[in-house]
Amino acid sequence: MKTKLITPEGYKKLNDEHDELWLKQRPEITKIVTWAASLGDRSENADYQYNKRKLREIDRRVRYLRKLLPELQIVNYSPQQAGKVFFGAWVEIENDEGETKQFRIVGPEEIYGDAKGYISIDSPMARALIKKEVDDVASVKTPTGYKDWYITSIEYKK
């Protein structure tokens with residue numbers, strides 16, 4: 001089951017997506033579908049078929065967002081989080097081979113699309129890092145066995 005946590009930035013992004021779909025894209029597509037339907041035979045009308053499909057996709061996403069947004073819990077930064085890895089933290093880690101990774105721990109709804117460098121709070125890596133401090137070791141279970149990662153920095157950008 002997905003965790004229902006989200007950062008304020010992630011919530012704003014989903015809310016903006018809802019508004020864009022509902023207030024801008026849907027009315028435009030509805031006008032095109034109405035125009036295309038008025039031309040007559042809908043079975044061979046590509047404009048009608050394509051835009052009707054697009055309208056269904058918009059409606060599906062809007063329904064999903066309307067159900068999801070009220071259920072989400074926005075997690076704001078708290079000064080008590082400083083120095084430890086919690087939700088919303090930017091974490092830099094390094095392994096024994098010198099490989100480094102940097103990412104932000106966010107809610108599962110925030111890792112899609114253009115969200116580069118984000119991992120879900122539900123991921124094994126994030127679970128292993130939670131409540132750890134700089135220089136702590138996090139053991140993460142991978143398909144090839146356990147891997148140790150050392151936390152090199154923790155940052156909360158406000």
# chains A, B, ... in the order shown; residues from 1 in each chain; ligands from 1
$ residues_around --residues "Val140 (chain A)" --least-positions-apart "3" --cutoff "12 Å" --atoms "only C-alpha atoms" --output "number ranges by chain"
A: 93, 95, 123-130, 137, 143-150
$ residues_around --residues "Lys31 (chain A)" --least-positions-apart "3" --cutoff "12 Å" --atoms "only C-alpha atoms" --output "PDB file with N, CA and C atoms, in the first residue's frame"
ATOM      1  N   LYS A  24      -8.623  24.162 -18.316  1.00  0.00           N
ATOM      2  CA  LYS A  24      -8.064  24.592 -19.598  1.00  0.00           C
ATOM      3  C   LYS A  24      -8.219  23.526 -20.687  1.00  0.00           C
ATOM      4  N   GLN A  25      -7.637  22.342 -20.457  1.00  0.00           N
ATOM      5  CA  GLN A  25      -7.631  21.322 -21.506  1.00  0.00           C
ATOM      6  C   GLN A  25      -9.017  20.737 -21.772  1.00  0.00           C
ATOM      7  N   ARG A  26      -9.763  20.421 -20.714  1.00  0.00           N
ATOM      8  CA  ARG A  26     -11.073  19.786 -20.924  1.00  0.00           C
ATOM      9  C   ARG A  26     -12.036  20.667 -21.719  1.00  0.00           C
ATOM     10  N   PRO A  27     -12.176  21.964 -21.397  1.00  0.00           N
ATOM     11  CA  PRO A  27     -13.080  22.793 -22.213  1.00  0.00           C
ATOM     12  C   PRO A  27     -12.654  22.867 -23.681  1.00  0.00           C
ATOM     13  N   GLU A  28     -11.347  22.916 -23.952  1.00  0.00           N
ATOM     14  CA  GLU A  28     -10.874  22.958 -25.336  1.00  0.00           C
ATOM     15  C   GLU A  28     -11.237  21.678 -26.082  1.00  0.00           C
ATOM     16  N   THR A  34     -17.497  18.509 -29.774  1.00  0.00           N
ATOM     17  CA  THR A  34     -18.815  19.021 -30.182  1.00  0.00           C
ATOM     18  C   THR A  34     -18.804  19.399 -31.658  1.00  0.00           C
ATOM     19  N   TRP A  35     -17.763  20.099 -32.078  1.00  0.00           N
ATOM     20  CA  TRP A  35     -17.640  20.486 -33.490  1.00  0.00           C
ATOM     21  C   TRP A  35     -17.566  19.238 -34.385  1.00  0.00           C
ATOM     22  N   ALA A  36     -16.723  18.276 -33.996  1.00  0.00           N
ATOM     23  CA  ALA A  36     -16.546  17.074 -34.807  1.00  0.00           C
ATOM     24  C   ALA A  36     -17.836  16.256 -34.861  1.00  0.00           C
ATOM     25  N   ALA A  37     -18.596  16.213 -33.774  1.00  0.00           N
ATOM     26  CA  ALA A  37     -19.859  15.469 -33.750  1.00  0.00           C
ATOM     27  C   ALA A  37     -20.891  16.117 -34.665  1.00  0.00           C
ATOM     28  N   SER A  38     -20.806  17.432 -34.798  1.00  0.00           N
ATOM     29  CA  SER A  38     -21.777  18.134 -35.646  1.00  0.00           C
ATOM     30  C   SER A  38     -21.554  17.878 -37.140  1.00  0.00           C
ATOM     31  N   ASP A  47     -11.142  13.232 -36.040  1.00  0.00           N
ATOM     32  CA  ASP A  47     -11.139  14.281 -35.021  1.00  0.00           C
ATOM     33  C   ASP A  47     -12.029  13.900 -33.842  1.00  0.00           C
ATOM     34  N   TYR A  48     -13.205  13.399 -34.147  1.00  0.00           N
ATOM     35  CA  TYR A  48     -14.137  13.009 -33.097  1.00  0.00           C
ATOM     36  C   TYR A  48     -13.561  11.867 -32.268  1.00  0.00           C
ATOM     37  N   ASN A  51     -10.295  12.912 -30.181  1.00  0.00           N
ATOM     38  CA  ASN A  51     -10.567  13.848 -29.095  1.00  0.00           C
ATOM     39  C   ASN A  51     -11.520  13.276 -28.053  1.00  0.00           C
ATOM     40  N   LYS A  52     -12.391  12.383 -28.471  1.00  0.00           N
ATOM     41  CA  LYS A  52     -13.257  11.703 -27.504  1.00  0.00           C
ATOM     42  C   LYS A  52     -12.399  10.825 -26.579  1.00  0.00           C
ATOM     43  N   LEU A  55     -10.582  13.076 -24.227  1.00  0.00           N
ATOM     44  CA  LEU A  55     -11.512  13.543 -23.196  1.00  0.00           C
ATOM     45  C   LEU A  55     -11.676  12.491 -22.095  1.00  0.00           C
TER      46      LEU A  55
END
$ select_by_dssp --residues "region 45-157 of chain A" --states "helix (DSSP H, G or I)" --output "number ranges by chain"
A: 46-71, 79-81, 108-110, 124-129
$ residues_around --residues "Phe86 (chain A)" --least-positions-apart "2" --cutoff "8 Å" --atoms "only C-alpha atoms" --output "list in words"
Gln81, Lys84, Gly88, Ala89, Ile105, Ile130 and Lys131 of chain A
